[in-house]
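Undergrad: Encoded as structure tokens, here's the structure I'll be asking about.
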Amino acid sequence: MSLKMDISGHRRRLYGPWAVVTGASDGIGRAMALALADQGFSLVLAARRADMLHELAAQLATRGVMTSVVAVDLSTPAGCRALADATADHDVGLLVAAAGFGTSGPFLSIDADTEAAMLAVNCGAVLSLTHIFARRFAARGRGGIVMLGSLLAFQGVPGAATYAATKAFVQTLAEGLHREFKPAGVDVLVAAPGPVKSGFAARADLQMGVALSPDVLPEPILAALGQRITVRPGWLSWLLEAAFLGQPRTFRSLILSRVMAGMTQHQRGTT
């Protein structure tokens, strides 16, 4: 048996046979689901778009992976409760909370209802699902939780102020729960990637230059689970963080405001 296969088997034995992945229809969530399938996990695939979830489930079925599709809107408490109910009879040991979206542009120009929906998905759903599954994990004495943060979480970002604030919430929540849950046998990790090629940019109305493929993120994320509090997966994430190393928040905020201005230049009809 190879070392990689042995590590994968150990992780499944450590946490349990089932993993829940939110945001599994696209981007990082989909990449995480595929990686966990490779490691022998059965998967609960959750997102809004049922057609994309069933397509992924069919793909995984050809590889002998057991799946359960739960099409829910996690911006609502009812959606979170539906996911909790749908997984009640599964021996879930791992939660990957990858569902989320962003907005961009001047704060006063962004629809307030859209900002509130983003807050509900990026923060409210993460809080609710973490509470639900952490209770189950603590009761069984083992489990793992992966939250998706962002490099934007570490300072205010003009042009993406609300999105950055939602990821700051996730970052802080994970840092606190990492230590709080450790005695109960529950590992908590927050992944803080930089730009990633996915549907995120289109929904946030951003034009990204260099960005990572989501496929390169699962390996460093899963390797860090149980070992670290925060992981910055991928070479681009490391490079961007290194550029900010030791810089005050005000400087980081200034630089990122210029980066966001470049990514949203098309919104102003300029070149």
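Identifiers in this document derive from the order of the structure tokens: chains are assigned A, B, ..., residues are numbered from 1 separately in each chain, and ligands are numbered from 1 in order of occurrence.
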If we count only C-alpha atoms, what is near A:Met52 at a cut-off of 9 Å, once residues fewer than 5 positions away on the same chain are taken out, given as a list of chain:residue names?
TA: A:Ala24, A:Ser25, A:Asp26, A:Ala47, A:Ala57
Undergrad: Given the choices A:Gly27, A:Gly100, A:Gly176, A:Gly64, which gets closest to A:Ser213 if the distance is worked out from only C-alpha atoms?
TA: A:Gly27
Undergrad: Determine, counting only C-alpha atoms, which protein, DNA and RNA residues have an atom within 12 Å of an atom of A:Ser257; residues of the same chain fewer than 4 positions away are not included. Present the result as a PyMOL selection string.
TA: chain A and resi 104-106+152+155-161+164+249-253+261-265
Undergrad: Write a file of the selected residues as a compact mmCIF listing (two decimals), in the first residue's frame, keeping all heavy atoms.
TA:
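The new file result15.txt reads:
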# COMPACT_ATOMS: atom_id res chain seq x y z
N SER A 104 -18.91 42.78 -5.17
CA SER A 104 -17.82 43.73 -5.36
C SER A 104 -18.40 45.07 -5.80
O SER A 104 -19.53 45.15 -6.30
CB SER A 104 -16.82 43.23 -6.40
OG SER A 104 -17.42 43.18 -7.69
N GLY A 105 -17.58 46.10 -5.63
CA GLY A 105 -18.00 47.44 -6.02
C GLY A 105 -18.24 48.32 -4.81
O GLY A 105 -18.15 47.87 -3.66
N PRO A 106 -18.54 49.59 -5.04
CA PRO A 106 -18.80 50.51 -3.93
C PRO A 106 -19.96 50.00 -3.06
O PRO A 106 -20.99 49.57 -3.58
CB PRO A 106 -19.17 51.82 -4.63
CG PRO A 106 -18.55 51.72 -5.98
CD PRO A 106 -18.62 50.27 -6.34
N LEU A 152 -8.67 37.81 2.05
CA LEU A 152 -9.27 39.11 2.33
C LEU A 152 -9.76 39.23 3.77
O LEU A 152 -10.18 40.31 4.19
CB LEU A 152 -10.45 39.37 1.38
CG LEU A 152 -10.15 39.41 -0.12
CD1 LEU A 152 -11.36 39.96 -0.87
CD2 LEU A 152 -8.92 40.23 -0.43
N GLN A 155 -7.98 41.93 6.79
CA GLN A 155 -8.01 43.39 6.79
C GLN A 155 -9.29 43.85 6.08
O GLN A 155 -9.90 43.09 5.34
CB GLN A 155 -6.80 44.00 6.07
CG GLN A 155 -6.71 43.64 4.60
CD GLN A 155 -6.24 42.22 4.36
OE1 GLN A 155 -5.16 41.86 4.81
NE2 GLN A 155 -7.04 41.40 3.66
N GLY A 156 -9.68 45.08 6.33
CA GLY A 156 -10.80 45.63 5.57
C GLY A 156 -10.40 45.84 4.13
O GLY A 156 -9.25 46.19 3.84
N VAL A 157 -11.35 45.63 3.22
CA VAL A 157 -11.03 45.73 1.79
C VAL A 157 -12.06 46.63 1.09
O VAL A 157 -13.19 46.18 0.83
CB VAL A 157 -11.01 44.35 1.12
CG1 VAL A 157 -10.63 44.48 -0.35
CG2 VAL A 157 -10.03 43.42 1.83
N PRO A 158 -11.72 47.86 0.80
CA PRO A 158 -12.62 48.71 0.03
C PRO A 158 -12.94 48.07 -1.32
O PRO A 158 -12.07 47.52 -1.99
CB PRO A 158 -11.81 50.00 -0.16
CG PRO A 158 -10.86 50.02 1.00
CD PRO A 158 -10.50 48.58 1.21
N GLY A 159 -14.19 48.11 -1.70
CA GLY A 159 -14.61 47.48 -2.94
C GLY A 159 -15.09 46.06 -2.74
O GLY A 159 -15.68 45.47 -3.65
N ALA A 160 -14.83 45.49 -1.58
CA ALA A 160 -15.36 44.16 -1.22
C ALA A 160 -15.52 44.13 0.30
O ALA A 160 -15.20 43.16 0.96
CB ALA A 160 -14.44 43.05 -1.68
N ALA A 161 -16.04 45.23 0.84
CA ALA A 161 -16.05 45.42 2.30
C ALA A 161 -16.87 44.36 3.02
O ALA A 161 -16.42 43.79 4.02
CB ALA A 161 -16.57 46.82 2.63
N ALA A 164 -15.24 40.75 2.64
CA ALA A 164 -14.08 40.61 3.51
C ALA A 164 -14.50 40.46 4.97
O ALA A 164 -13.92 39.67 5.72
CB ALA A 164 -13.14 41.80 3.34
N ARG A 249 -2.25 46.43 9.00
CA ARG A 249 -3.55 46.26 8.35
C ARG A 249 -3.89 47.42 7.43
O ARG A 249 -4.49 47.24 6.37
CB ARG A 249 -4.64 46.09 9.41
CG ARG A 249 -4.60 44.75 10.13
CD ARG A 249 -5.60 44.72 11.28
NE ARG A 249 -6.97 44.80 10.82
CZ ARG A 249 -7.77 43.75 10.62
NH1 ARG A 249 -7.30 42.53 10.83
NH2 ARG A 249 -9.02 43.92 10.23
N THR A 250 -3.52 48.63 7.82
CA THR A 250 -3.83 49.80 6.99
C THR A 250 -3.15 49.72 5.63
O THR A 250 -3.75 50.07 4.60
CB THR A 250 -3.42 51.10 7.70
OG1 THR A 250 -2.04 50.99 8.11
CG2 THR A 250 -4.29 51.35 8.92
N PHE A 251 -1.91 49.23 5.63
CA PHE A 251 -1.18 49.09 4.36
C PHE A 251 -1.81 48.00 3.51
O PHE A 251 -2.00 48.17 2.30
CB PHE A 251 0.29 48.77 4.64
CG PHE A 251 1.09 48.49 3.39
CD1 PHE A 251 1.57 49.53 2.62
CD2 PHE A 251 1.35 47.19 2.99
CE1 PHE A 251 2.30 49.28 1.46
CE2 PHE A 251 2.08 46.93 1.84
CZ PHE A 251 2.56 47.98 1.07
N ARG A 252 -2.14 46.86 4.13
CA ARG A 252 -2.77 45.76 3.41
C ARG A 252 -4.09 46.22 2.81
O ARG A 252 -4.42 45.89 1.67
CB ARG A 252 -3.00 44.58 4.36
CG ARG A 252 -1.72 43.98 4.93
CD ARG A 252 -2.01 43.04 6.09
NE ARG A 252 -2.69 41.85 5.65
CZ ARG A 252 -2.16 40.63 5.67
NH1 ARG A 252 -0.94 40.45 6.13
NH2 ARG A 252 -2.84 39.59 5.27
N SER A 253 -4.85 46.98 3.58
CA SER A 253 -6.13 47.47 3.10
C SER A 253 -5.95 48.39 1.89
O SER A 253 -6.70 48.31 0.90
CB SER A 253 -6.85 48.22 4.23
OG SER A 253 -8.10 48.71 3.81
N ALA A 261 -9.84 47.60 -7.23
CA ALA A 261 -10.15 48.59 -8.26
C ALA A 261 -9.82 48.06 -9.64
O ALA A 261 -10.55 48.30 -10.62
CB ALA A 261 -9.39 49.89 -7.98
N GLY A 262 -8.71 47.32 -9.74
CA GLY A 262 -8.35 46.72 -11.02
C GLY A 262 -9.31 45.63 -11.43
O GLY A 262 -9.68 45.52 -12.61
N MET A 263 -9.75 44.82 -10.48
CA MET A 263 -10.66 43.72 -10.79
C MET A 263 -12.07 44.21 -11.14
O MET A 263 -12.85 43.46 -11.76
CB MET A 263 -10.74 42.75 -9.60
CG MET A 263 -9.49 41.93 -9.38
SD MET A 263 -9.74 40.75 -8.03
CE MET A 263 -8.20 39.83 -8.08
N THR A 264 -12.43 45.42 -10.71
CA THR A 264 -13.77 45.95 -10.96
C THR A 264 -13.76 47.11 -11.94
O THR A 264 -14.74 47.82 -12.08
CB THR A 264 -14.41 46.41 -9.64
OG1 THR A 264 -13.57 47.41 -9.02
CG2 THR A 264 -14.58 45.25 -8.67
N GLN A 265 -12.64 47.28 -12.64
CA GLN A 265 -12.51 48.39 -13.57
C GLN A 265 -13.60 48.39 -14.64
O GLN A 265 -14.11 49.44 -15.04
CB GLN A 265 -11.13 48.30 -14.24
CG GLN A 265 -10.73 49.52 -15.05
CD GLN A 265 -9.27 49.43 -15.45
OE1 GLN A 265 -8.44 50.20 -14.98
NE2 GLN A 265 -8.94 48.49 -16.33
Undergrad: Out of A:Pro233, A:Gly149, A:Pro214, A:Gly102, which residue has the shortest atom-to-atom distance to A:Glu115 when counting only C-alpha atoms?
TA: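 When distances to A:Glu115 are compared using only C-alpha atoms, the smallest one comes from A:Gly102.
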Undergrad: How many Å separate atom CA of A:Gln39 from atom CA of A:Val196?
TA: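 Spanning atom CA of A:Gln39 to atom CA of A:Val196 is a straight-line distance of 23.0 Å.
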